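J.: work.cif is reproduced below (mmCIF, C-alpha atoms).
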```cif
data_target
loop_
_atom_site.label_atom_id
_atom_site.label_comp_id
_atom_site.auth_asym_id
_atom_site.auth_seq_id
_atom_site.Cartn_x
_atom_site.Cartn_y
_atom_site.Cartn_z
CA ALA V 808 -44.20 -6.99 3.32
CA ALA V 809 -42.64 -5.70 0.15
CA SER V 810 -40.35 -2.71 0.68
CA SER V 811 -40.60 0.46 -1.36
CA VAL V 812 -37.13 1.61 -0.32
CA GLY V 813 -34.97 2.33 -3.36
CA PRO V 814 -31.31 1.22 -3.68
CA VAL V 815 -29.93 4.64 -2.69
CA ASP V 816 -32.19 4.86 0.36
CA ALA V 817 -31.24 1.31 1.33
CA ARG V 818 -27.54 2.21 1.24
CA GLN V 819 -28.19 5.27 3.38
CA GLN V 820 -30.06 3.14 5.91
CA ARG V 821 -27.23 0.60 6.08
CA ARG V 822 -24.70 3.37 6.66
CA ARG V 823 -26.66 4.50 9.72
CA PHE V 824 -25.82 1.19 11.41
CA LEU V 825 -22.07 1.37 10.72
CA ASN V 826 -19.83 2.60 13.53
CA PHE V 827 -17.60 4.35 11.01
CA THR V 828 -17.86 6.70 8.05
CA TYR V 829 -16.00 6.37 4.78
CA ASP V 830 -14.88 8.60 1.94
CA VAL V 831 -13.41 7.70 -1.45
CA LEU V 832 -10.94 10.25 -2.83
CA THR V 833 -9.41 10.02 -6.31
CA ILE V 834 -6.54 12.35 -7.17
CA LYS V 835 -4.01 12.93 -9.92
CA PRO V 836 -0.44 13.10 -8.59
CA PRO V 837 0.94 16.61 -9.23
CA GLU V 838 3.90 15.43 -11.32
CA ILE V 839 1.64 13.64 -13.82
CA GLU V 840 0.93 15.39 -17.10
CA GLU V 841 -2.72 16.30 -17.65
CA LYS V 842 -2.88 14.14 -20.79
CA GLU V 843 -1.98 11.01 -18.80
CA ILE V 844 -5.56 10.24 -17.89
CA GLY V 845 -4.79 6.73 -16.67
CA SER V 846 -2.46 7.77 -13.85
CA LEU V 847 -4.79 8.24 -10.90
CA VAL V 848 -4.38 7.41 -7.23
CA GLN V 849 -7.33 6.49 -5.01
CA TRP V 850 -7.63 6.71 -1.23
CA ILE V 851 -10.36 5.10 0.86
CA LEU V 852 -10.56 6.74 4.28
CA LEU V 853 -12.59 5.18 7.09
CA ARG V 854 -13.13 7.11 10.33
CA PRO V 855 -14.66 5.81 13.55
CA LYS V 856 -17.78 7.47 14.91
CA LEU V 857 -16.60 8.88 18.23
CA PRO V 858 -18.43 10.73 21.01
CA ALA V 859 -18.30 14.53 20.92
CA ASN V 860 -15.10 16.07 22.28
CA SER V 861 -13.17 12.79 21.89
CA PRO V 862 -9.46 12.97 21.06
CA LEU V 863 -8.61 12.65 17.38
CA PRO V 864 -8.23 8.99 16.37
CA PRO V 865 -4.88 7.46 15.43
CA LEU V 866 -4.42 6.66 11.73
CA LEU V 867 -3.48 3.26 10.36
CA VAL V 868 -2.28 3.25 6.73
CA VAL V 869 -2.87 -0.06 4.91
CA PRO V 870 -1.38 -0.41 1.40
CA HIS V 871 -2.43 -3.54 -0.52
CA GLY V 872 -0.13 -6.25 -1.82
CA GLY V 873 0.54 -7.39 -5.35
CA PRO V 874 1.45 -4.73 -6.29
CA HIS V 875 -0.97 -5.18 -9.21
CA SER V 876 -4.17 -5.66 -7.25
CA CYS V 877 -6.44 -3.14 -5.54
CA THR V 878 -8.41 -2.44 -2.41
CA PRO V 879 -12.15 -2.27 -3.21
CA THR V 880 -14.87 -0.53 -1.22
CA ALA V 881 -16.38 -3.91 -0.29
CA TYR V 882 -17.04 -4.54 3.40
CA ASN V 883 -13.94 -5.89 5.16
CA PRO V 884 -14.47 -7.33 8.66
CA ALA V 885 -10.83 -6.75 9.68
CA ILE V 886 -10.97 -3.07 8.70
CA ALA V 887 -14.37 -2.67 10.38
CA TYR V 888 -12.87 -4.20 13.53
CA LEU V 889 -10.06 -1.63 13.55
CA CYS V 890 -12.56 1.19 13.14
CA SER V 891 -14.65 -0.18 15.98
CA GLY V 892 -11.50 -0.01 18.12
CA GLY V 893 -11.18 3.71 17.45
CA TYR V 894 -8.73 3.73 14.55
CA ALA V 895 -9.05 5.71 11.35
CA VAL V 896 -7.90 3.55 8.42
CA LEU V 897 -6.45 4.80 5.14
CA LEU V 898 -6.46 2.35 2.22
CA VAL V 899 -4.29 3.48 -0.71
CA ASN V 900 -4.63 2.33 -4.32
CA TYR V 901 -1.25 3.61 -5.47
CA ARG V 902 0.00 3.77 -9.05
CA GLY V 903 0.25 0.23 -10.40
CA SER V 904 -3.08 -0.79 -8.84
CA LEU V 905 -5.69 -2.48 -11.00
CA GLY V 906 -8.62 -0.47 -12.32
CA PHE V 907 -6.93 2.77 -13.36
CA GLY V 908 -5.77 1.97 -16.90
CA GLN V 909 -2.84 0.23 -18.56
CA ARG V 910 -0.59 3.30 -18.43
CA ALA V 911 -0.90 3.53 -14.66
CA LEU V 912 -0.44 -0.23 -14.30
CA GLU V 913 2.79 -0.27 -16.33
CA SER V 914 4.23 2.84 -14.67
CA LEU V 915 5.24 0.88 -11.55
CA PRO V 916 7.52 -1.99 -12.72
CA GLY V 917 11.09 -0.75 -12.36
CA ASN V 918 9.89 2.03 -10.03
CA ILE V 919 8.79 0.10 -6.95
CA GLY V 920 10.08 1.65 -3.76
CA VAL V 921 9.68 5.07 -5.37
CA LEU V 922 6.33 5.70 -7.08
CA ASP V 923 4.27 3.45 -4.82
CA VAL V 924 5.99 4.76 -1.68
CA LYS V 925 5.42 8.34 -2.80
CA ASP V 926 1.71 7.73 -3.34
CA VAL V 927 1.30 6.08 0.09
CA VAL V 928 3.24 8.80 1.91
CA ASP V 929 1.48 11.64 0.06
CA ALA V 930 -1.86 10.15 1.12
CA ALA V 931 -0.75 9.78 4.75
CA VAL V 932 0.57 13.34 4.92
CA LYS V 933 -2.55 14.80 3.32
CA ILE V 934 -4.83 13.03 5.80
CA ALA V 935 -2.51 13.93 8.68
CA ASP V 936 -2.84 17.59 7.68
CA SER V 937 -6.63 17.38 7.38
CA GLY V 938 -7.32 17.71 11.10
CA TRP V 939 -9.34 14.45 11.04
CA VAL V 940 -6.69 12.29 12.75
CA ASP V 941 -3.92 12.55 15.32
CA ARG V 942 -0.85 13.23 13.19
CA ASP V 943 1.42 12.10 16.05
CA ARG V 944 -0.09 8.61 16.04
CA ILE V 945 0.27 7.22 12.53
CA GLY V 946 1.04 3.55 11.96
CA ILE V 947 1.30 1.39 8.86
CA CYS V 948 0.73 -2.29 8.13
CA GLY V 949 0.69 -4.56 5.11
CA GLY V 950 1.54 -7.99 3.76
CA SER V 951 3.73 -9.14 0.86
CA HIS V 952 4.12 -6.04 -1.34
CA GLY V 953 2.07 -4.16 1.25
CA GLY V 954 4.74 -5.22 3.77
CA PHE V 955 7.40 -4.07 1.28
CA LEU V 956 5.74 -0.64 1.25
CA ALA V 957 5.33 -0.51 5.02
CA ALA V 958 9.02 -1.38 5.44
CA HIS V 959 10.02 1.30 2.94
CA CYS V 960 7.86 3.88 4.68
CA ILE V 961 9.33 3.35 8.16
CA GLY V 962 12.83 3.42 6.64
CA GLN V 963 12.42 6.42 4.35
CA PHE V 964 10.07 8.40 6.61
CA PRO V 965 10.96 7.42 10.19
CA ASP V 966 9.52 10.61 11.69
CA LEU V 967 6.07 10.11 10.12
CA PHE V 968 5.23 6.51 11.02
CA LYS V 969 5.30 5.64 14.73
CA ALA V 970 4.56 1.89 14.53
CA ALA V 971 4.40 -0.85 11.88
CA ALA V 972 3.21 -4.41 11.34
CA LEU V 973 4.59 -6.42 8.41
CA ARG V 974 3.25 -9.79 7.25
CA ASN V 975 5.69 -11.80 5.10
CA PRO V 976 7.22 -8.58 3.75
CA VAL V 977 9.56 -8.32 0.78
CA THR V 978 12.62 -6.66 2.34
CA ASN V 979 15.51 -7.50 0.01
CA ILE V 980 14.70 -8.35 -3.61
CA ALA V 981 18.34 -9.22 -4.33
CA SER V 982 18.27 -12.06 -1.78
CA MET V 983 14.72 -13.08 -2.69
CA VAL V 984 15.29 -13.63 -6.42
CA THR V 985 16.99 -17.03 -6.00
CA ALA V 986 14.80 -18.15 -3.07
CA THR V 987 11.28 -17.48 -4.40
CA ASP V 988 9.08 -19.48 -6.77
CA ILE V 989 8.34 -16.27 -8.72
CA PRO V 990 11.78 -14.93 -9.73
CA ASP V 991 10.09 -13.15 -12.65
CA TRP V 992 8.43 -10.83 -10.08
CA CYS V 993 11.84 -9.78 -8.78
CA TYR V 994 13.13 -8.94 -12.27
CA ILE V 995 10.04 -7.23 -13.65
CA GLU V 996 8.99 -5.27 -10.56
CA GLY V 997 12.54 -4.57 -9.41
CA ILE V 998 14.12 -3.72 -12.77
CA GLY V 999 11.30 -3.13 -15.27
CA LEU V 1000 9.15 -4.58 -18.03
CA GLY V 1001 11.08 -6.87 -20.35
CA ALA V 1002 13.74 -7.63 -17.73
CA TYR V 1003 12.85 -11.34 -17.48
CA ASP V 1004 13.23 -13.98 -20.18
CA PHE V 1005 10.43 -16.48 -19.62
CA THR V 1006 11.97 -18.97 -22.09
CA LYS V 1007 15.02 -19.80 -19.95
CA TYR V 1008 16.35 -19.42 -16.45
CA ARG V 1009 19.60 -17.74 -15.57
CA GLY V 1010 20.97 -16.27 -12.39
CA PRO V 1011 20.94 -12.50 -11.89
CA THR V 1012 23.95 -10.43 -12.90
CA LYS V 1013 25.89 -8.20 -10.52
CA ASP V 1014 24.23 -5.10 -12.00
CA GLU V 1015 20.77 -6.65 -11.67
CA LEU V 1016 21.39 -7.56 -8.04
CA THR V 1017 22.56 -4.02 -7.34
CA TYR V 1018 19.43 -2.58 -8.94
CA MET V 1019 17.22 -4.95 -6.93
CA TYR V 1020 18.96 -4.00 -3.70
CA GLU V 1021 18.58 -0.29 -4.42
CA SER V 1022 14.81 -0.82 -4.83
CA SER V 1023 14.51 -2.68 -1.52
CA PRO V 1024 13.55 -1.54 2.00
CA ILE V 1025 16.73 -3.12 3.41
CA LYS V 1026 18.63 -0.16 1.96
CA HIS V 1027 16.95 2.09 4.56
CA VAL V 1028 16.92 -0.28 7.55
CA SER V 1029 19.41 1.77 9.58
CA ASN V 1030 16.91 4.66 9.65
CA VAL V 1031 14.05 2.68 11.21
CA MET V 1032 12.87 3.91 14.62
CA ALA V 1033 9.27 2.61 14.74
CA PRO V 1034 8.48 -0.46 16.86
CA THR V 1035 7.78 -3.11 14.23
CA LEU V 1036 5.94 -6.42 14.40
CA VAL V 1037 7.01 -8.94 11.73
CA ALA V 1038 4.63 -11.88 11.20
CA LEU V 1039 5.94 -14.77 9.10
CA GLY V 1040 4.36 -17.77 7.40
CA MET V 1041 7.12 -20.35 7.26
CA GLU V 1042 5.65 -22.19 4.26
CA ASP V 1043 5.29 -19.12 2.02
CA LYS V 1044 6.87 -19.86 -1.37
CA ARG V 1045 6.18 -16.40 -2.85
CA VAL V 1046 7.91 -14.37 -0.16
CA PRO V 1047 10.19 -16.74 1.74
CA ALA V 1048 10.29 -16.36 5.52
CA SER V 1049 14.00 -15.48 5.23
CA GLN V 1050 12.87 -12.06 3.97
CA GLY V 1051 11.49 -11.29 7.42
#
```
So that I can check it, write out the structure of this file as structure tokens.

T.:
Amino acid sequence: AASSVGPVDARQQRRRFLNFTYDVLTIKPPEIEEKEIGSLVQWILLRPKLPANSPLPPLLVVPHGGPHSCTPTAYNPAIAYLCSGGYAVLLVNYRGSLGFGQRALESLPGNIGVLDVKDVVDAAVKIADSGWVDRDRIGICGGSHGGFLAAHCIGQFPDLFKAAALRNPVTNIASMVTATDIPDWCYIEGIGLGAYDFTKYRGPTKDELTYMYESSPIKHVSNVMAPTLVALGMEDKRVPASQG
């Protein structure tokens, strides 16, 4: 029989069958001028539906890779699986993500390891303070640039993140630049727009290598306390396995 249920009612009905709830939060970082309308950060928070009087769920923070991509609100079986296991999951579209304007996109090259890390950590702290999750059980995972961010977070904020999983993470841009098939990524993201000459290849200078190292998680490795799983694909040409 034909259904008279409208699109909004249909969405509400589908949500009844999910074993998690979700919220989409869009904020403007406090240091951004009001006129910079393109510089927004978006969080997608998924929380498991738990029985009454259950302990607060642990939180798993999952930054996307790229960095110039984004996490949509589309159904993701892996994330749904984590929620079904009792985890709250926080997906962060940090500055540099697609969909928030050219200004926001171009604010990240030359500032990776700083702006993107700040946005991920600010999101984690805000949710930790919300009373929705167990602030003493916060983990982080990600692949490629998401692994870069996870590695930075456990190095720069070792007291916040209690566990981590990294898939083919970028850990040292200075050692990656001559081993990857995308050296332009290392120059542009690590140093800034205009740092790479696409018409010719040359090796990096001492100053460029220093700048790349300073932007890398390896700088903070001695601070890491969290148990960390590193998963490597040995045939990865973008992020060579030597990075892990």

J.: Quick one, how far is atom CA of V:Ala981 from atom CA of V:Tyr994?

T.: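 Atom CA of V:Tyr994 lies at a distance of 9.5 Å from atom CA of V:Ala981.
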
J.: What does the distance between atom CA of V:Glu1015 and atom CA of V:Thr987 come to in Å, to one decimal place?

T.: 16.1 Å

J.: Identify, on the basis of all atoms listed in the file, every residue whose closest approach to stretch 860-867 of chain V does not exceed 10 Å; exclude the query and any residue fewer than 6 positions from it along the same chain; express the result as an mmCIF file with C-alpha atoms, keeping the file's coordinate frame.

T.:
```cif
data_model
loop_
_atom_site.group_PDB
_atom_site.id
_atom_site.type_symbol
_atom_site.label_atom_id
_atom_site.label_comp_id
_atom_site.auth_asym_id
_atom_site.auth_seq_id
_atom_site.Cartn_x
_atom_site.Cartn_y
_atom_site.Cartn_z
ATOM 1 C CA LEU V 852 -10.560 6.740 4.280
ATOM 2 C CA LEU V 853 -12.590 5.180 7.090
ATOM 3 C CA ARG V 854 -13.130 7.110 10.330
ATOM 4 C CA ILE V 886 -10.970 -3.070 8.700
ATOM 5 C CA LEU V 889 -10.060 -1.630 13.550
ATOM 6 C CA CYS V 890 -12.560 1.190 13.140
ATOM 7 C CA GLY V 892 -11.500 -0.010 18.120
ATOM 8 C CA GLY V 893 -11.180 3.710 17.450
ATOM 9 C CA TYR V 894 -8.730 3.730 14.550
ATOM 10 C CA ALA V 895 -9.050 5.710 11.350
ATOM 11 C CA VAL V 896 -7.900 3.550 8.420
ATOM 12 C CA LEU V 897 -6.450 4.800 5.140
ATOM 13 C CA LEU V 898 -6.460 2.350 2.220
ATOM 14 C CA ALA V 931 -0.750 9.780 4.750
ATOM 15 C CA ILE V 934 -4.830 13.030 5.800
ATOM 16 C CA ALA V 935 -2.510 13.930 8.680
ATOM 17 C CA GLY V 938 -7.320 17.710 11.100
ATOM 18 C CA TRP V 939 -9.340 14.450 11.040
ATOM 19 C CA VAL V 940 -6.690 12.290 12.750
ATOM 20 C CA ASP V 941 -3.920 12.550 15.320
ATOM 21 C CA ARG V 942 -0.850 13.230 13.190
ATOM 22 C CA ASP V 943 1.420 12.100 16.050
ATOM 23 C CA ARG V 944 -0.090 8.610 16.040
ATOM 24 C CA ILE V 945 0.270 7.220 12.530
ATOM 25 C CA GLY V 946 1.040 3.550 11.960
ATOM 26 C CA ILE V 947 1.300 1.390 8.860
ATOM 27 C CA CYS V 948 0.730 -2.290 8.130
ATOM 28 C CA PHE V 968 5.230 6.510 11.020
ATOM 29 C CA ALA V 970 4.560 1.890 14.530
ATOM 30 C CA ALA V 971 4.400 -0.850 11.880
#
```

J.: Which residue gives the smallest distance to V:Ser982 among V:Val1046, V:Ile961, V:Leu956, V:Leu922, with all atoms listed in the file counted?

T.: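 That would be V:Val1046, the residue with the smallest distance to V:Ser982.
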
J.: Work out how far apart atom CA of V:His1027 and atom CA of V:Ala958 are and give it in Å to one decimal.

T.: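 Atom CA of V:Ala958 lies at a distance of 8.7 Å from atom CA of V:His1027.
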
J.: List as an mmCIF file with C-alpha atoms, keeping the file's coordinate frame: which residues have an atom within 6 Å of (10.1, -18.4, -1.3), counting all atoms listed in the file?

T.:
```cif
data_model
loop_
_atom_site.group_PDB
_atom_site.id
_atom_site.type_symbol
_atom_site.label_atom_id
_atom_site.label_comp_id
_atom_site.auth_asym_id
_atom_site.auth_seq_id
_atom_site.Cartn_x
_atom_site.Cartn_y
_atom_site.Cartn_z
ATOM 1 C CA ALA V 986 14.800 -18.150 -3.070
ATOM 2 C CA THR V 987 11.280 -17.480 -4.400
ATOM 3 C CA ASP V 988 9.080 -19.480 -6.770
ATOM 4 C CA ASP V 1043 5.290 -19.120 2.020
ATOM 5 C CA LYS V 1044 6.870 -19.860 -1.370
ATOM 6 C CA ARG V 1045 6.180 -16.400 -2.850
ATOM 7 C CA VAL V 1046 7.910 -14.370 -0.160
ATOM 8 C CA PRO V 1047 10.190 -16.740 1.740
#
```

J.: Quick one: which residues end up in the PyMOL selection byres ((chain V and resi 998) around 10) for this structure, as a list in words?

T.: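 Selected by the PyMOL selection byres ((chain V and resi 998) around 10) here: Pro916, Gly917, Asn918, Ile919, Trp992, Cys993, Tyr994, Ile995, Glu996, Gly997, Gly999, Leu1000, Gly1001, Ala1002, Tyr1003, Glu1015, Leu1016, Tyr1018, Met1019 and Ser1022 of chain V.
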
J.: Find, counting all atoms listed in the file, the residue in V:Pro1011, V:Pro1024, V:Pro976, V:Gly949 that gets nearest to V:Gly962.

T.: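 Among V:Pro1011, V:Pro1024, V:Pro976, V:Gly949, it is V:Pro1024 that comes nearest to V:Gly962.
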
J.: Distance table requested - stretch 940-1017 of chain V against stretch 870-877 of chain V, cut-off 6 Å, all atoms listed in the file: one row per qualifying residue with the closest atom pair and its distance in Å to one decimal, ordered by chain and rising residue number, as JSON lines.

T.:
```
{"residue": "V:Gly949", "atom": "CA", "partner": "V:Pro870", "partner_atom": "CA", "distance": 5.9}
{"residue": "V:Ser951", "atom": "CA", "partner": "V:Gly872", "partner_atom": "CA", "distance": 5.5}
{"residue": "V:His952", "atom": "CA", "partner": "V:Gly872", "partner_atom": "CA", "distance": 4.3}
{"residue": "V:Gly953", "atom": "CA", "partner": "V:Gly872", "partner_atom": "CA", "distance": 4.3}
```

J.: Specify as a VMD selection string each residue included when the PyMOL selection byres ((chain V and resi 827-835) around 8) is applied to this file.

T.: chain V and resid 822 825 to 826 836 to 837 839 846 to 856 887 890 to 891

J.: Taking all atoms of stretch 954-962 of chain V that the file lists, what box with edges along x, y and z, padded by 3 Å per side, do you get, with centre and edge lengths in Å to one decimal, as JSON?

T.:
```
{"center_x": 8.8, "center_y": -0.7, "center_z": 4.7, "size_x": 14.1, "size_y": 15.1, "size_z": 12.9}
```

J.: So, with all atoms listed in the file as the atoms that count, which of V:Asn883, V:Phe1005, V:Thr1035, V:Asp1014 lies closest to V:Ile989?

T.: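 Of V:Asn883, V:Phe1005, V:Thr1035, V:Asp1014, the one nearest V:Ile989 is V:Phe1005, counting all atoms listed in the file.
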
J.: I'd like the neighbourhood of V:Ser1049 as a PDB file with C-alpha atoms, in the frame of the given file, where a residue qualifies if any of its atoms comes within 12 Å (using all atoms listed in the file), though same-chain residues fewer than 5 positions away should be ignored.

T.:
```
ATOM      1  CA  ASN V 975       5.690 -11.800   5.100  1.00  0.00           C
ATOM      2  CA  PRO V 976       7.220  -8.580   3.750  1.00  0.00           C
ATOM      3  CA  VAL V 977       9.560  -8.320   0.780  1.00  0.00           C
ATOM      4  CA  THR V 978      12.620  -6.660   2.340  1.00  0.00           C
ATOM      5  CA  ASN V 979      15.510  -7.500   0.010  1.00  0.00           C
ATOM      6  CA  ILE V 980      14.700  -8.350  -3.610  1.00  0.00           C
ATOM      7  CA  SER V 982      18.270 -12.060  -1.780  1.00  0.00           C
ATOM      8  CA  MET V 983      14.720 -13.080  -2.690  1.00  0.00           C
ATOM      9  CA  VAL V 984      15.290 -13.630  -6.420  1.00  0.00           C
ATOM     10  CA  THR V 985      16.990 -17.030  -6.000  1.00  0.00           C
ATOM     11  CA  ALA V 986      14.800 -18.150  -3.070  1.00  0.00           C
ATOM     12  CA  THR V 987      11.280 -17.480  -4.400  1.00  0.00           C
ATOM     13  CA  VAL V1037       7.010  -8.940  11.730  1.00  0.00           C
ATOM     14  CA  ALA V1038       4.630 -11.880  11.200  1.00  0.00           C
ATOM     15  CA  LEU V1039       5.940 -14.770   9.100  1.00  0.00           C
ATOM     16  CA  GLY V1040       4.360 -17.770   7.400  1.00  0.00           C
ATOM     17  CA  MET V1041       7.120 -20.350   7.260  1.00  0.00           C
ATOM     18  CA  GLU V1042       5.650 -22.190   4.260  1.00  0.00           C
ATOM     19  CA  ASP V1043       5.290 -19.120   2.020  1.00  0.00           C
ATOM     20  CA  LYS V1044       6.870 -19.860  -1.370  1.00  0.00           C
TER      21      LYS V1044
END
```

J.: Run through the PyMOL selection byres ((chain V and resi 912) around 10) on the given coordinates and return the selected residues as an mmCIF file with C-alpha atoms, in the frame of the given file.

T.:
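The result, written out as expr.cif:
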```
data_model
loop_
_atom_site.group_PDB
_atom_site.id
_atom_site.type_symbol
_atom_site.label_atom_id
_atom_site.label_comp_id
_atom_site.auth_asym_id
_atom_site.auth_seq_id
_atom_site.Cartn_x
_atom_site.Cartn_y
_atom_site.Cartn_z
ATOM 1 C CA GLY V 845 -4.790 6.730 -16.670
ATOM 2 C CA SER V 846 -2.460 7.770 -13.850
ATOM 3 C CA PRO V 874 1.450 -4.730 -6.290
ATOM 4 C CA HIS V 875 -0.970 -5.180 -9.210
ATOM 5 C CA SER V 876 -4.170 -5.660 -7.250
ATOM 6 C CA TYR V 901 -1.250 3.610 -5.470
ATOM 7 C CA ARG V 902 0.000 3.770 -9.050
ATOM 8 C CA GLY V 903 0.250 0.230 -10.400
ATOM 9 C CA SER V 904 -3.080 -0.790 -8.840
ATOM 10 C CA LEU V 905 -5.690 -2.480 -11.000
ATOM 11 C CA GLY V 906 -8.620 -0.470 -12.320
ATOM 12 C CA PHE V 907 -6.930 2.770 -13.360
ATOM 13 C CA GLY V 908 -5.770 1.970 -16.900
ATOM 14 C CA GLN V 909 -2.840 0.230 -18.560
ATOM 15 C CA ARG V 910 -0.590 3.300 -18.430
ATOM 16 C CA ALA V 911 -0.900 3.530 -14.660
ATOM 17 C CA GLU V 913 2.790 -0.270 -16.330
ATOM 18 C CA SER V 914 4.230 2.840 -14.670
ATOM 19 C CA LEU V 915 5.240 0.880 -11.550
ATOM 20 C CA PRO V 916 7.520 -1.990 -12.720
#
```

J.: Identify which of the residues V:Ala1048, V:Val899, V:Val868, V:Ala881 lies closest to V:Leu967, counting all atoms listed in the file when measuring atom-to-atom distances.

T.: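 Closest candidate: V:Val868.
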
J.: Looking at all atoms listed in the file, which of V:Leu857, V:Ala1033, V:Ala885, V:Ile1025 is the one that sits closest to V:His959?

T.: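 Nearest to V:His959: V:Ile1025.
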
J.: Quick one: stretch 889-896 of chain V with all heavy atoms, as a PDB file, keeping the file's coordinate frame?

T.:
```pdb
ATOM      1  N   LEU V 889     -10.990  -2.696  13.165  1.00  0.00           N
ATOM      2  CA  LEU V 889     -10.060  -1.630  13.550  1.00  0.00           C
ATOM      3  C   LEU V 889     -10.806  -0.326  13.802  1.00  0.00           C
ATOM      4  O   LEU V 889     -10.508   0.393  14.759  1.00  0.00           O
ATOM      5  CB  LEU V 889      -9.004  -1.442  12.456  1.00  0.00           C
ATOM      6  CG  LEU V 889      -7.976  -2.571  12.327  1.00  0.00           C
ATOM      7  CD1 LEU V 889      -7.158  -2.399  11.051  1.00  0.00           C
ATOM      8  CD2 LEU V 889      -7.065  -2.597  13.548  1.00  0.00           C
ATOM      9  N   CYS V 890     -11.774  -0.026  12.944  1.00  0.00           N
ATOM     10  CA  CYS V 890     -12.560   1.190  13.140  1.00  0.00           C
ATOM     11  C   CYS V 890     -13.348   1.141  14.439  1.00  0.00           C
ATOM     12  O   CYS V 890     -13.461   2.142  15.150  1.00  0.00           O
ATOM     13  CB  CYS V 890     -13.507   1.416  11.957  1.00  0.00           C
ATOM     14  SG  CYS V 890     -12.688   1.938  10.442  1.00  0.00           S
ATOM     15  N   SER V 891     -13.880  -0.045  14.748  1.00  0.00           N
ATOM     16  CA  SER V 891     -14.650  -0.180  15.980  1.00  0.00           C
ATOM     17  C   SER V 891     -13.760  -0.004  17.203  1.00  0.00           C
ATOM     18  O   SER V 891     -14.233   0.316  18.293  1.00  0.00           O
ATOM     19  CB  SER V 891     -15.350  -1.542  16.034  1.00  0.00           C
ATOM     20  OG  SER V 891     -14.414  -2.586  16.239  1.00  0.00           O
ATOM     21  N   GLY V 892     -12.447  -0.216  17.035  1.00  0.00           N
ATOM     22  CA  GLY V 892     -11.500  -0.010  18.120  1.00  0.00           C
ATOM     23  C   GLY V 892     -10.997   1.419  18.217  1.00  0.00           C
ATOM     24  O   GLY V 892     -10.114   1.711  19.032  1.00  0.00           O
ATOM     25  N   GLY V 893     -11.534   2.299  17.359  1.00  0.00           N
ATOM     26  CA  GLY V 893     -11.180   3.710  17.450  1.00  0.00           C
ATOM     27  C   GLY V 893     -10.112   4.181  16.494  1.00  0.00           C
ATOM     28  O   GLY V 893      -9.633   5.320  16.600  1.00  0.00           O
ATOM     29  N   TYR V 894      -9.735   3.333  15.527  1.00  0.00           N
ATOM     30  CA  TYR V 894      -8.730   3.730  14.550  1.00  0.00           C
ATOM     31  C   TYR V 894      -9.373   4.291  13.285  1.00  0.00           C
ATOM     32  O   TYR V 894     -10.383   3.759  12.818  1.00  0.00           O
ATOM     33  CB  TYR V 894      -7.872   2.530  14.134  1.00  0.00           C
ATOM     34  CG  TYR V 894      -6.934   2.021  15.196  1.00  0.00           C
ATOM     35  CD1 TYR V 894      -7.348   1.041  16.095  1.00  0.00           C
ATOM     36  CD2 TYR V 894      -5.644   2.507  15.301  1.00  0.00           C
ATOM     37  CE1 TYR V 894      -6.500   0.553  17.069  1.00  0.00           C
ATOM     38  CE2 TYR V 894      -4.778   2.034  16.270  1.00  0.00           C
ATOM     39  CZ  TYR V 894      -5.208   1.058  17.160  1.00  0.00           C
ATOM     40  OH  TYR V 894      -4.359   0.581  18.126  1.00  0.00           O
ATOM     41  N   ALA V 895      -8.763   5.330  12.731  1.00  0.00           N
ATOM     42  CA  ALA V 895      -9.050   5.710  11.350  1.00  0.00           C
ATOM     43  C   ALA V 895      -8.147   4.856  10.462  1.00  0.00           C
ATOM     44  O   ALA V 895      -6.996   4.572  10.827  1.00  0.00           O
ATOM     45  CB  ALA V 895      -8.772   7.186  11.124  1.00  0.00           C
ATOM     46  N   VAL V 896      -8.654   4.428   9.316  1.00  0.00           N
ATOM     47  CA  VAL V 896      -7.900   3.550   8.420  1.00  0.00           C
ATOM     48  C   VAL V 896      -7.846   4.166   7.032  1.00  0.00           C
ATOM     49  O   VAL V 896      -8.879   4.580   6.491  1.00  0.00           O
ATOM     50  CB  VAL V 896      -8.532   2.144   8.355  1.00  0.00           C
ATOM     51  CG1 VAL V 896      -7.726   1.240   7.431  1.00  0.00           C
ATOM     52  CG2 VAL V 896      -8.612   1.520   9.755  1.00  0.00           C
TER      53      VAL V 896
END
```
